[in-house]
file query11.cif (mmCIF, C-alpha atoms and all ligand atoms)
data_query
loop_
_atom_site.label_atom_id
_atom_site.label_comp_id
_atom_site.auth_asym_id
_atom_site.auth_seq_id
_atom_site.Cartn_x
_atom_site.Cartn_y
_atom_site.Cartn_z
CA MET A 20 0.00 0.00 0.00
CA GLY A 21 1.39 3.41 -0.96
CA GLN A 22 1.26 5.94 1.89
CA GLY A 23 1.47 9.68 2.36
CA LYS A 24 -0.94 10.85 -0.32
CA TYR A 25 -2.54 14.27 -0.49
CA ILE A 26 -6.25 13.47 -0.57
CA GLY A 27 -9.12 15.93 -1.05
CA VAL A 28 -12.69 15.09 -0.10
CA LEU A 29 -15.84 16.84 -1.33
CA SER A 30 -19.58 16.40 -1.30
CA SER A 31 -21.31 17.17 -4.55
CA GLY A 32 -24.81 17.35 -6.08
CA GLY A 33 -27.87 17.06 -3.85
CA ASP A 34 -27.03 16.67 -0.18
CA ALA A 35 -27.98 13.46 1.59
CA PRO A 36 -28.18 12.59 5.29
CA GLY A 37 -25.03 10.65 6.17
CA MET A 38 -22.66 12.70 4.01
CA ASN A 39 -21.11 14.08 7.19
CA ALA A 40 -20.52 10.59 8.53
CA ALA A 41 -18.78 9.73 5.25
CA ILE A 42 -16.62 12.89 5.38
CA ARG A 43 -15.64 12.05 8.96
CA ALA A 44 -14.68 8.50 7.99
CA VAL A 45 -12.64 9.68 4.99
CA VAL A 46 -10.75 12.32 6.98
CA ARG A 47 -10.02 10.08 9.98
CA THR A 48 -9.07 7.00 7.95
CA GLY A 49 -6.81 9.13 5.78
CA ILE A 50 -5.03 10.73 8.72
CA TYR A 51 -4.74 7.38 10.54
CA HIS A 52 -2.82 6.00 7.56
CA GLY A 53 -0.47 8.98 7.32
CA ASN A 54 -2.09 10.89 4.48
CA THR A 55 -2.59 14.65 4.34
CA MET A 56 -6.28 15.45 4.11
CA PHE A 57 -8.05 18.40 2.51
CA GLY A 58 -11.68 19.49 2.61
CA ILE A 59 -12.94 20.91 -0.69
CA LYS A 60 -15.95 23.19 -0.07
CA ARG A 61 -19.10 23.55 -2.22
CA GLY A 62 -18.40 20.59 -4.48
CA TYR A 63 -16.77 21.14 -7.88
CA GLN A 64 -17.56 24.87 -7.75
CA GLY A 65 -15.39 25.22 -4.63
CA MET A 66 -12.72 23.14 -6.36
CA ILE A 67 -12.72 25.58 -9.30
CA GLU A 68 -12.50 28.56 -6.94
CA GLY A 69 -9.81 26.97 -4.77
CA ASP A 70 -12.07 26.88 -1.71
CA ILE A 71 -9.92 24.19 -0.13
CA GLU A 72 -8.38 23.76 3.31
CA GLN A 73 -6.24 21.20 5.02
CA VAL A 74 -8.25 19.47 7.73
CA ASN A 75 -7.33 17.58 10.89
CA ARG A 76 -9.32 14.97 12.79
CA TYR A 77 -11.04 17.65 14.90
CA PHE A 78 -12.56 19.25 11.80
CA VAL A 79 -14.94 16.30 11.72
CA SER A 80 -15.66 16.07 15.47
CA ASN A 81 -19.32 15.61 16.40
CA ILE A 82 -20.63 15.67 12.84
CA ILE A 83 -21.55 11.99 12.49
CA LYS A 84 -25.03 12.73 13.83
CA ASP A 85 -25.77 15.75 11.63
CA GLY A 86 -27.71 16.01 8.38
CA GLY A 87 -26.45 18.14 5.50
CA THR A 88 -22.75 18.42 4.82
CA VAL A 89 -20.12 20.51 6.63
CA LEU A 90 -18.28 20.87 3.33
CA GLN A 91 -21.47 22.16 1.72
CA THR A 92 -22.39 21.12 -1.78
CA ALA A 93 -23.31 22.56 -5.16
CA ARG A 94 -24.34 21.70 -8.69
CA SER A 95 -21.65 23.45 -10.76
CA SER A 96 -22.44 24.35 -14.36
CA GLU A 97 -18.90 25.70 -14.81
CA PHE A 98 -17.47 22.25 -14.10
CA LEU A 99 -19.42 20.92 -17.09
CA THR A 100 -16.99 22.87 -19.32
CA LYS A 101 -13.42 21.85 -20.11
CA GLU A 102 -12.22 25.29 -18.96
CA GLY A 103 -13.95 24.81 -15.62
CA ARG A 104 -12.39 21.40 -15.12
CA GLU A 105 -8.97 22.78 -16.02
CA LYS A 106 -9.35 25.51 -13.38
CA ALA A 107 -10.40 22.84 -10.88
CA PHE A 108 -7.38 20.69 -11.68
CA LYS A 109 -5.06 23.69 -11.29
CA SER A 110 -6.56 24.43 -7.86
CA LEU A 111 -5.92 20.84 -6.78
CA LYS A 112 -2.31 21.11 -7.95
CA ARG A 113 -1.82 24.36 -5.99
CA PHE A 114 -2.55 22.38 -2.83
CA GLY A 115 -0.51 19.38 -4.01
CA ILE A 116 -3.63 17.19 -4.03
CA ASP A 117 -3.08 14.02 -6.03
CA SER A 118 -6.32 12.19 -5.33
CA ILE A 119 -9.93 13.10 -4.60
CA ILE A 120 -12.85 11.32 -2.99
CA VAL A 121 -16.21 12.53 -4.27
CA ILE A 122 -19.34 11.84 -2.22
CA GLY A 123 -22.34 12.26 -4.51
CA GLY A 124 -24.63 10.78 -7.13
CA ASP A 125 -24.45 10.02 -10.83
CA GLY A 126 -23.95 13.64 -11.96
CA SER A 127 -21.00 13.99 -9.57
CA PHE A 128 -19.53 10.72 -10.82
CA ARG A 129 -19.85 11.77 -14.45
CA GLY A 130 -17.88 14.90 -13.56
CA LEU A 131 -15.23 12.89 -11.72
CA HIS A 132 -14.88 10.44 -14.58
CA GLN A 133 -14.45 13.30 -17.05
CA LEU A 134 -11.83 14.99 -14.86
CA ILE A 135 -9.87 11.73 -14.57
CA GLN A 136 -9.95 11.28 -18.38
CA GLU A 137 -8.56 14.75 -18.99
CA PHE A 138 -6.07 15.31 -16.19
CA PRO A 139 -3.58 13.27 -14.13
CA ILE A 140 -5.71 12.96 -11.00
CA GLN A 141 -6.77 9.87 -9.07
CA GLY A 142 -10.42 9.69 -7.98
CA ILE A 143 -12.83 7.45 -6.10
CA GLY A 144 -16.59 7.93 -5.75
CA VAL A 145 -18.71 7.31 -2.64
CA PRO A 146 -22.46 6.88 -3.34
CA GLY A 147 -24.24 9.70 -1.53
CA THR A 148 -27.77 10.36 -2.76
CA ILE A 149 -31.23 9.82 -1.35
CA ASP A 150 -32.33 8.38 -4.73
CA ASN A 151 -30.64 4.95 -4.37
CA ASP A 152 -30.26 4.89 -8.13
CA LEU A 153 -26.60 3.90 -8.55
CA TYR A 154 -25.53 0.56 -9.95
CA GLY A 155 -22.79 -1.06 -7.83
CA THR A 156 -24.21 -0.66 -4.36
CA ASP A 157 -27.27 -2.13 -2.67
CA PHE A 158 -27.95 1.17 -0.92
CA THR A 159 -26.73 4.73 -1.26
CA ILE A 160 -26.01 7.01 1.69
CA GLY A 161 -29.13 8.99 2.64
CA PHE A 162 -31.74 6.69 1.15
CA ASP A 163 -32.69 5.05 4.44
CA THR A 164 -33.08 8.37 6.25
CA ALA A 165 -35.09 9.89 3.38
CA VAL A 166 -37.43 6.90 3.39
CA ASN A 167 -37.96 7.20 7.13
CA THR A 168 -38.59 10.94 6.86
CA ALA A 169 -41.13 10.44 4.07
CA LEU A 170 -42.73 7.61 5.99
CA GLU A 171 -43.23 9.80 9.04
CA ALA A 172 -45.01 12.33 6.83
CA ILE A 173 -47.15 9.65 5.17
CA ASP A 174 -48.20 8.28 8.56
CA LYS A 175 -49.38 11.75 9.51
CA ILE A 176 -51.19 12.24 6.23
CA ARG A 177 -52.88 8.87 6.79
CA ASP A 178 -54.45 10.26 9.99
CA THR A 179 -55.96 13.25 8.25
CA ALA A 180 -56.90 11.17 5.17
CA SER A 181 -59.02 8.83 7.27
CA SER A 182 -60.52 11.64 9.38
CA HIS A 183 -61.75 13.36 6.21
CA SER A 184 -62.39 10.26 4.07
CA ARG A 185 -59.98 11.58 1.48
CA LEU A 186 -57.74 10.13 -1.17
CA PHE A 187 -54.19 11.48 -0.97
CA ILE A 188 -51.69 11.34 -3.80
CA ILE A 189 -48.29 11.79 -2.20
CA GLU A 190 -45.33 12.61 -4.42
CA VAL A 191 -41.88 11.64 -3.19
CA MET A 192 -38.42 12.41 -4.60
CA GLY A 193 -36.11 10.06 -6.47
CA ARG A 194 -35.48 11.83 -9.77
CA THR A 195 -35.91 9.02 -12.36
CA SER A 196 -35.84 6.27 -9.73
CA GLY A 197 -38.80 4.77 -7.88
CA TYR A 198 -36.91 3.38 -4.88
CA ILE A 199 -38.07 6.00 -2.39
CA ALA A 200 -41.67 5.58 -3.58
CA LEU A 201 -41.49 1.80 -3.41
CA TYR A 202 -40.10 1.68 0.13
CA THR A 203 -42.28 4.45 1.55
CA GLY A 204 -45.34 3.06 -0.20
CA ILE A 205 -44.86 -0.37 1.30
CA GLY A 206 -43.89 0.99 4.72
CA GLY A 207 -46.85 3.37 4.74
CA GLY A 208 -49.36 0.72 3.63
CA ALA A 209 -50.19 2.66 0.44
CA GLU A 210 -53.07 1.34 -1.65
CA ASP A 211 -51.11 2.06 -4.83
CA ILE A 212 -47.49 2.82 -5.64
CA LEU A 213 -46.58 4.43 -8.94
CA ILE A 214 -42.98 4.15 -10.08
CA PRO A 215 -41.19 4.58 -13.40
CA GLU A 216 -39.71 1.06 -13.24
CA SER A 217 -43.19 -0.43 -13.69
CA PRO A 218 -45.50 2.20 -15.18
CA MET A 219 -49.19 1.72 -14.47
CA GLN A 220 -51.59 3.15 -17.03
CA ILE A 221 -54.02 5.72 -15.63
CA PRO A 222 -57.21 3.82 -16.72
CA GLN A 223 -56.00 0.77 -14.78
CA LEU A 224 -55.34 2.85 -11.69
CA VAL A 225 -58.71 4.58 -11.95
CA SER A 226 -60.61 1.30 -12.28
CA GLU A 227 -58.72 -0.18 -9.30
CA LEU A 228 -59.61 2.85 -7.19
CA GLU A 229 -63.18 2.77 -8.40
CA ALA A 230 -63.44 -0.84 -7.23
CA GLN A 231 -61.97 0.11 -3.84
CA TYR A 232 -64.34 3.07 -3.54
CA LYS A 233 -67.39 0.98 -4.43
CA ALA A 234 -66.29 -1.64 -1.90
CA GLY A 235 -66.66 1.05 0.76
CA LYS A 236 -63.10 2.22 1.17
CA LYS A 237 -63.24 5.59 2.90
CA SER A 238 -59.69 6.85 2.48
CA SER A 239 -56.71 5.94 0.43
CA ILE A 240 -53.04 6.75 -0.08
CA ILE A 241 -51.25 6.62 -3.41
CA VAL A 242 -47.50 7.13 -3.35
CA ILE A 243 -46.09 8.40 -6.61
CA ALA A 244 -42.43 8.81 -7.57
CA GLU A 245 -41.57 12.22 -9.00
CA GLY A 246 -40.10 10.42 -12.03
CA GLU A 247 -43.29 8.46 -12.71
CA THR A 248 -43.92 8.55 -16.44
CA THR A 249 -47.66 8.18 -17.03
CA GLY A 250 -48.74 11.65 -16.01
CA GLY A 251 -47.69 12.96 -12.62
CA ALA A 252 -49.78 13.65 -9.53
CA ALA A 253 -51.93 16.47 -10.96
CA GLU A 254 -52.92 14.59 -14.10
CA ILE A 255 -53.71 11.45 -12.14
CA LYS A 256 -55.85 13.48 -9.72
CA ALA A 257 -57.83 14.94 -12.65
CA ALA A 258 -58.32 11.50 -14.22
CA ILE A 259 -59.65 10.03 -10.97
CA GLU A 260 -61.93 13.00 -10.32
CA ARG A 261 -63.57 12.48 -13.70
CA VAL A 262 -64.73 9.02 -12.60
CA ILE A 263 -64.98 8.96 -8.81
CA ASN A 264 -66.62 11.48 -6.53
CA TRP A 265 -63.81 11.34 -3.99
CA ASP A 266 -62.21 14.29 -2.20
CA ILE A 267 -58.64 14.14 -3.53
CA LYS A 268 -55.60 16.02 -2.30
CA VAL A 269 -52.07 16.11 -3.71
CA SER A 270 -49.15 16.44 -1.33
CA VAL A 271 -45.59 16.92 -2.61
CA LEU A 272 -43.15 16.10 0.18
CA GLY A 273 -40.17 17.82 -1.48
CA HIS A 274 -36.87 18.76 0.15
CA VAL A 275 -37.87 17.73 3.66
CA GLN A 276 -36.70 14.30 2.44
CA ARG A 277 -33.15 15.57 2.07
CA GLY A 278 -32.71 16.89 5.59
CA GLY A 279 -32.55 15.60 9.13
CA ASP A 280 -30.20 13.54 11.25
CA PRO A 281 -29.03 10.40 9.48
CA SER A 282 -30.46 7.07 10.59
CA ALA A 283 -28.23 4.50 12.26
CA PHE A 284 -28.17 2.55 8.99
CA ASP A 285 -26.93 5.57 7.03
CA ARG A 286 -24.29 6.43 9.63
CA VAL A 287 -22.89 2.89 9.54
CA LEU A 288 -23.05 2.66 5.73
CA ALA A 289 -21.41 6.08 5.31
CA SER A 290 -18.66 5.24 7.79
CA ARG A 291 -17.84 1.99 6.03
CA LEU A 292 -17.88 3.51 2.55
CA GLY A 293 -15.77 6.48 3.65
CA TYR A 294 -13.25 4.10 5.22
CA GLU A 295 -13.18 1.84 2.14
CA SER A 296 -12.75 4.79 -0.21
CA VAL A 297 -9.48 5.79 1.45
CA LEU A 298 -8.21 2.20 1.30
CA ALA A 299 -9.08 2.19 -2.42
CA VAL A 300 -7.10 5.40 -2.96
CA MET A 301 -4.13 3.97 -1.06
CA ASN A 302 -4.34 0.85 -3.26
CA ASN A 303 -4.00 3.17 -6.26
CA GLU A 304 -7.51 2.41 -7.50
CA THR A 305 -9.08 5.13 -9.61
CA ASP A 306 -12.17 5.96 -11.69
CA LYS A 307 -14.25 3.64 -9.50
CA MET A 308 -17.05 3.87 -6.96
CA VAL A 309 -16.95 1.97 -3.71
CA GLY A 310 -20.26 0.35 -2.79
CA MET A 311 -21.62 -2.37 -0.54
CA VAL A 312 -23.09 -5.37 -2.32
CA ASN A 313 -24.39 -8.28 -0.25
CA LYS A 314 -22.64 -6.81 2.81
CA SER A 315 -19.19 -6.66 1.14
CA PRO A 316 -17.31 -3.66 -0.26
CA VAL A 317 -17.16 -3.69 -4.05
CA LEU A 318 -15.40 -1.37 -6.51
CA THR A 319 -17.34 -0.61 -9.70
CA PRO A 320 -16.05 1.42 -12.67
CA LEU A 321 -17.59 4.89 -12.37
CA GLN A 322 -19.15 4.68 -15.83
CA ASP A 323 -21.04 1.51 -14.90
CA THR A 324 -22.71 3.27 -11.98
CA TRP A 325 -24.91 5.32 -14.31
CA THR A 326 -24.88 3.28 -17.54
CA LYS A 327 -25.93 -0.02 -15.96
CA LYS A 328 -29.41 -0.36 -14.54
CA LYS A 329 -29.71 -1.12 -10.87
CA ASP A 330 -32.04 -4.08 -10.44
CA MET A 331 -35.28 -3.50 -8.62
CA ASP A 332 -37.12 -6.47 -7.19
CA LEU A 333 -40.62 -5.85 -8.52
CA THR A 334 -42.00 -8.63 -6.33
CA TYR A 335 -42.36 -5.89 -3.74
CA LEU A 336 -44.79 -4.06 -6.00
CA LYS A 337 -46.80 -7.20 -6.65
CA MET A 338 -46.76 -7.92 -2.92
CA ASN A 339 -48.14 -4.47 -2.20
CA GLU A 340 -51.00 -5.00 -4.66
CA VAL A 341 -51.91 -8.17 -2.78
CA LEU A 342 -51.72 -6.48 0.61
CA ALA A 343 -53.84 -3.53 -0.56
CA ALA A 344 -56.38 -5.86 -2.17
CA GLN A 345 -56.68 -7.80 1.08
CA GLN A 346 -57.50 -4.59 2.91
CA VAL A 347 -60.44 -4.03 0.56
CA LYS A 348 -61.60 -7.62 0.99
CA ALA A 349 -61.58 -7.26 4.75
CA LEU A 350 -63.73 -4.15 4.42
CA GLU A 351 -66.15 -5.96 2.13
CA VAL A 352 -66.71 -8.51 4.86
CA THR A 353 -67.38 -5.97 7.58
CA VAL A 354 -69.67 -3.56 5.69
O1 LIG B 401 -30.84 13.64 -6.35
C1 LIG B 401 -31.46 14.01 -5.16
C2 LIG B 401 -32.69 14.84 -5.45
O2 LIG B 401 -33.27 15.20 -4.21
C3 LIG B 401 -33.72 14.20 -6.36
O3 LIG B 401 -34.53 13.25 -5.69
C4 LIG B 401 -34.47 15.42 -6.85
O4 LIG B 401 -35.06 15.16 -8.10
C5 LIG B 401 -33.37 16.44 -6.97
O5 LIG B 401 -32.33 16.02 -6.13
C6 LIG B 401 -33.79 17.85 -6.60
O6 LIG B 401 -32.69 18.67 -6.85
P1 LIG B 401 -32.57 20.16 -6.31
O7 LIG B 401 -32.32 20.09 -4.83
O8 LIG B 401 -31.40 20.71 -7.04
O9 LIG B 401 -33.85 20.82 -6.61
#
call {"tool": "encode", "arguments": {"input": "query11.cif", "output": "structure tokens"}}
result
Amino acid sequence: MGQGKYIGVLSSGGDAPGMNAAIRAVVRTGIYHGNTMFGIKRGYQGMIEGDIEQVNRYFVSNIIKDGGTVLQTARSSEFLTKEGREKAFKSLKRFGIDSIIVIGGDGSFRGLHQLIQEFPIQGIGVPGTIDNDLYGTDFTIGFDTAVNTALEAIDKIRDTASSHSRLFIIEVMGRTSGYIALYTGIGGGAEDILIPESPMQIPQLVSELEAQYKAGKKSSIIVIAEGETTGGAAEIKAAIERVINWDIKVSVLGHVQRGGDPSAFDRVLASRLGYESVLAVMNNETDKMVGMVNKSPVLTPLQDTWTKKKDMDLTYLKMNEVLAAQQVKALEVTV
């Protein structure tokens, strides 16, 4: 193992709960093994502007429990240009940084891959995004916390939905991925879950709901992924209203899903991935993401993380249909 590298760490793209735990693990593992560690602020934009400082182990004291990211983050349009990346590389060289660890999602990894192709810099990615949409890891940092946050909101909406006999269409984040919707839908006992991985046509949804309504169902929850492709919450609401006389509300949970203290799962995952990323750098690995697959650390070429499709077990969707249908049946018996 080579030692004594100059390693920069940054968080990039949308923040995710657990990024701080990952930063802490990177900084402390790096220092433990005799490397010099740097914090790069505001993602690639901070890299371009040279917003970089050497950090010691105390820089990351008491942050494992905090949401957000102490290094802050950004989506940099300047970094999408060759000139921007050249400026960024020059900043890294000014600090003597020879390797970087990027905590982020697919956009951040595309940027890292591009930088590595163009300039002599070593780089490893750590999957940090609530979307859980990266190939090469079972879970991304922040997903578990986001799901629990959304679930808490759905539970509360369930109370008001049943008090008012309303149908709620709840939109959750995930960009083009339906993982957050799938997990929150199942956890929240949703009657329907709409995700891009298995698009449901609106007429089918409407007839299912009509059957539930006629069977005496008083309230209902539909969880819809923001990347759902058949129409979006507003269009679905309008389609249902044309057929069923049900009081329907749309609730978009939004950025609340990105904040909050990370769950125990995310803290442990982030710590392990941060630790593994430094070992990968010290082993001279580059242009790869470190993930956890079947409980073991795995390195995946960065390009595969966005070009290959992460498998989703659609049995969970089928299972939810069965569980929701059983709820209607039970009602049919009691009314
Ligand atoms: O990638 C994380 C994410 O929260 C997505 O789920 C969402 O589509 C997007 O970021 C929102 O981005 P922004 O915070 O830039 O509006």
call {"tool": "residues_near_ligand", "arguments": {"input": "query11.cif", "ligand": "ligand LIG 401 (chain B)", "cutoff": "7 Å", "atoms": "all atoms listed in the file", "output": "list in words"}}
result
Gly33, Gly124, Thr148, Ile149, Asp150, Met192, Gly193, Arg194, His274 and Arg277 of chain A
call {"tool": "atom_distance", "arguments": {"input": "query11.cif", "atom1": "atom CA of Ile42 of chain A", "atom2": "atom CA of Gly155 of chain A"}}
result
20.2 Å
call {"tool": "residues_near_point", "arguments": {"input": "query11.cif", "point": "(-63.8, 11.1, -9.4)", "cutoff": "12 Å", "atoms": "only C-alpha atoms", "output": "PyMOL selection string"}}
result
chain A and resi 185-186+225-226+228-229+232-233+255-268
call {"tool": "atom_distance", "arguments": {"input": "query11.cif", "atom1": "atom CA of Gln91 of chain A", "atom2": "atom CA of Val74 of chain A"}}
result
14.8 Å
call {"tool": "atom_distance", "arguments": {"input": "query11.cif", "atom1": "atom CA of Leu90 of chain A", "atom2": "atom CA of Lys60 of chain A"}}
result
4.7 Å
call {"tool": "residues_around", "arguments": {"input": "query11.cif", "residues": "segment 318-334 of chain A", "least_positions_apart": "5", "cutoff": "10 Å", "atoms": "only C-alpha atoms", "output": "mmCIF file with C-alpha atoms, in the coordinates of the input"}}
result
data_model
loop_
_atom_site.group_PDB
_atom_site.id
_atom_site.type_symbol
_atom_site.label_atom_id
_atom_site.label_comp_id
_atom_site.auth_asym_id
_atom_site.auth_seq_id
_atom_site.Cartn_x
_atom_site.Cartn_y
_atom_site.Cartn_z
ATOM 1 C CA GLY A 124 -24.630 10.780 -7.130
ATOM 2 C CA ASP A 125 -24.450 10.020 -10.830
ATOM 3 C CA GLY A 126 -23.950 13.640 -11.960
ATOM 4 C CA PHE A 128 -19.530 10.720 -10.820
ATOM 5 C CA ARG A 129 -19.850 11.770 -14.450
ATOM 6 C CA LEU A 131 -15.230 12.890 -11.720
ATOM 7 C CA HIS A 132 -14.880 10.440 -14.580
ATOM 8 C CA GLN A 133 -14.450 13.300 -17.050
ATOM 9 C CA GLY A 142 -10.420 9.690 -7.980
ATOM 10 C CA ILE A 143 -12.830 7.450 -6.100
ATOM 11 C CA GLY A 144 -16.590 7.930 -5.750
ATOM 12 C CA PRO A 146 -22.460 6.880 -3.340
ATOM 13 C CA ASN A 151 -30.640 4.950 -4.370
ATOM 14 C CA ASP A 152 -30.260 4.890 -8.130
ATOM 15 C CA LEU A 153 -26.600 3.900 -8.550
ATOM 16 C CA TYR A 154 -25.530 0.560 -9.950
ATOM 17 C CA GLY A 155 -22.790 -1.060 -7.830
ATOM 18 C CA THR A 156 -24.210 -0.660 -4.360
ATOM 19 C CA ASP A 157 -27.270 -2.130 -2.670
ATOM 20 C CA SER A 196 -35.840 6.270 -9.730
ATOM 21 C CA GLY A 197 -38.800 4.770 -7.880
ATOM 22 C CA TYR A 198 -36.910 3.380 -4.880
ATOM 23 C CA LEU A 201 -41.490 1.800 -3.410
ATOM 24 C CA GLU A 216 -39.710 1.060 -13.240
ATOM 25 C CA SER A 217 -43.190 -0.430 -13.690
ATOM 26 C CA GLU A 295 -13.180 1.840 2.140
ATOM 27 C CA SER A 296 -12.750 4.790 -0.210
ATOM 28 C CA ALA A 299 -9.080 2.190 -2.420
ATOM 29 C CA GLU A 304 -7.510 2.410 -7.500
ATOM 30 C CA THR A 305 -9.080 5.130 -9.610
ATOM 31 C CA ASP A 306 -12.170 5.960 -11.690
ATOM 32 C CA LYS A 307 -14.250 3.640 -9.500
ATOM 33 C CA MET A 308 -17.050 3.870 -6.960
ATOM 34 C CA VAL A 309 -16.950 1.970 -3.710
ATOM 35 C CA GLY A 310 -20.260 0.350 -2.790
ATOM 36 C CA MET A 311 -21.620 -2.370 -0.540
ATOM 37 C CA VAL A 312 -23.090 -5.370 -2.320
ATOM 38 C CA ASN A 339 -48.140 -4.470 -2.200
ATOM 39 C CA GLU A 340 -51.000 -5.000 -4.660
#
call {"tool": "residues_around", "arguments": {"input": "query11.cif", "residues": "Val28 of chain A", "least_positions_apart": "6", "cutoff": "7 Å", "atoms": "all atoms listed in the file", "output": "list of chain:residue names"}}
result
A:Phe57, A:Gly58, A:Ile59, A:Ile119, A:Ile120, A:Val121
call {"tool": "residues_around", "arguments": {"input": "query11.cif", "residues": "segment 104-112 of chain A", "least_positions_apart": "3", "cutoff": "6 Å", "atoms": "only C-alpha atoms", "output": "JSON, numbers by chain"}}
result
{"A": [66, 67, 69, 98, 101, 115, 116]}
call {"tool": "closest_residue", "arguments": {"input": "query11.cif", "among": "A:Ala35, A:Ala180, A:Leu272, A:Ile188", "to": "Gly87 of chain A", "atoms": "only C-alpha atoms"}}
result
A:Ala35
call {"tool": "residues_around", "arguments": {"input": "query11.cif", "residues": "Met301 of chain A", "least_positions_apart": "5", "cutoff": "12 Å", "atoms": "all atoms listed in the file", "output": "PyMOL selection string"}}
result
chain A and resi 20-26+45+48-50+52-54+117-120+141-143+294-296
call {"tool": "residues_around", "arguments": {"input": "query11.cif", "residues": "segment 172-179 of chain A", "least_positions_apart": "2", "cutoff": "12 Å", "atoms": "all atoms listed in the file", "output": "PDB file with C-alpha atoms, in the coordinates of the input"}}
result
ATOM      1  CA  ALA A 165     -35.090   9.890   3.380  1.00  0.00           C
ATOM      2  CA  VAL A 166     -37.430   6.900   3.390  1.00  0.00           C
ATOM      3  CA  ASN A 167     -37.960   7.200   7.130  1.00  0.00           C
ATOM      4  CA  THR A 168     -38.590  10.940   6.860  1.00  0.00           C
ATOM      5  CA  ALA A 169     -41.130  10.440   4.070  1.00  0.00           C
ATOM      6  CA  LEU A 170     -42.730   7.610   5.990  1.00  0.00           C
ATOM      7  CA  SER A 181     -59.020   8.830   7.270  1.00  0.00           C
ATOM      8  CA  SER A 182     -60.520  11.640   9.380  1.00  0.00           C
ATOM      9  CA  HIS A 183     -61.750  13.360   6.210  1.00  0.00           C
ATOM     10  CA  SER A 184     -62.390  10.260   4.070  1.00  0.00           C
ATOM     11  CA  ARG A 185     -59.980  11.580   1.480  1.00  0.00           C
ATOM     12  CA  LEU A 186     -57.740  10.130  -1.170  1.00  0.00           C
ATOM     13  CA  PHE A 187     -54.190  11.480  -0.970  1.00  0.00           C
ATOM     14  CA  ILE A 188     -51.690  11.340  -3.800  1.00  0.00           C
ATOM     15  CA  ILE A 189     -48.290  11.790  -2.200  1.00  0.00           C
ATOM     16  CA  GLU A 190     -45.330  12.610  -4.420  1.00  0.00           C
ATOM     17  CA  VAL A 191     -41.880  11.640  -3.190  1.00  0.00           C
ATOM     18  CA  ALA A 200     -41.670   5.580  -3.580  1.00  0.00           C
ATOM     19  CA  TYR A 202     -40.100   1.680   0.130  1.00  0.00           C
ATOM     20  CA  THR A 203     -42.280   4.450   1.550  1.00  0.00           C
ATOM     21  CA  GLY A 204     -45.340   3.060  -0.200  1.00  0.00           C
ATOM     22  CA  ILE A 205     -44.860  -0.370   1.300  1.00  0.00           C
ATOM     23  CA  GLY A 206     -43.890   0.990   4.720  1.00  0.00           C
ATOM     24  CA  GLY A 207     -46.850   3.370   4.740  1.00  0.00           C
ATOM     25  CA  GLY A 208     -49.360   0.720   3.630  1.00  0.00           C
ATOM     26  CA  ALA A 209     -50.190   2.660   0.440  1.00  0.00           C
ATOM     27  CA  GLU A 210     -53.070   1.340  -1.650  1.00  0.00           C
ATOM     28  CA  LYS A 237     -63.240   5.590   2.900  1.00  0.00           C
ATOM     29  CA  SER A 238     -59.690   6.850   2.480  1.00  0.00           C
ATOM     30  CA  SER A 239     -56.710   5.940   0.430  1.00  0.00           C
ATOM     31  CA  ILE A 240     -53.040   6.750  -0.080  1.00  0.00           C
ATOM     32  CA  ILE A 241     -51.250   6.620  -3.410  1.00  0.00           C
ATOM     33  CA  VAL A 242     -47.500   7.130  -3.350  1.00  0.00           C
ATOM     34  CA  ILE A 243     -46.090   8.400  -6.610  1.00  0.00           C
ATOM     35  CA  LYS A 268     -55.600  16.020  -2.300  1.00  0.00           C
ATOM     36  CA  VAL A 269     -52.070  16.110  -3.710  1.00  0.00           C
ATOM     37  CA  SER A 270     -49.150  16.440  -1.330  1.00  0.00           C
ATOM     38  CA  VAL A 271     -45.590  16.920  -2.610  1.00  0.00           C
ATOM     39  CA  LEU A 272     -43.150  16.100   0.180  1.00  0.00           C
ATOM     40  CA  GLY A 273     -40.170  17.820  -1.480  1.00  0.00           C
ATOM     41  CA  VAL A 275     -37.870  17.730   3.660  1.00  0.00           C
ATOM     42  CA  GLN A 276     -36.700  14.300   2.440  1.00  0.00           C
TER      43      GLN A 276
END
call {"tool": "axis_aligned_box", "arguments": {"input": "query11.cif", "around": "segment 46-59 of chain A", "padding_each_side": "8 Å", "output": "JSON"}}
result
{"center_x": -6.7, "center_y": 13.5, "center_z": 4.9, "size_x": 28.5, "size_y": 30.9, "size_z": 27.2}
call {"tool": "closest_residue", "arguments": {"input": "query11.cif", "among": "A:Gly246, A:Gly147, A:Gly65, A:Pro316", "to": "Asp34 of chain A", "atoms": "all atoms listed in the file"}}
result
A:Gly147
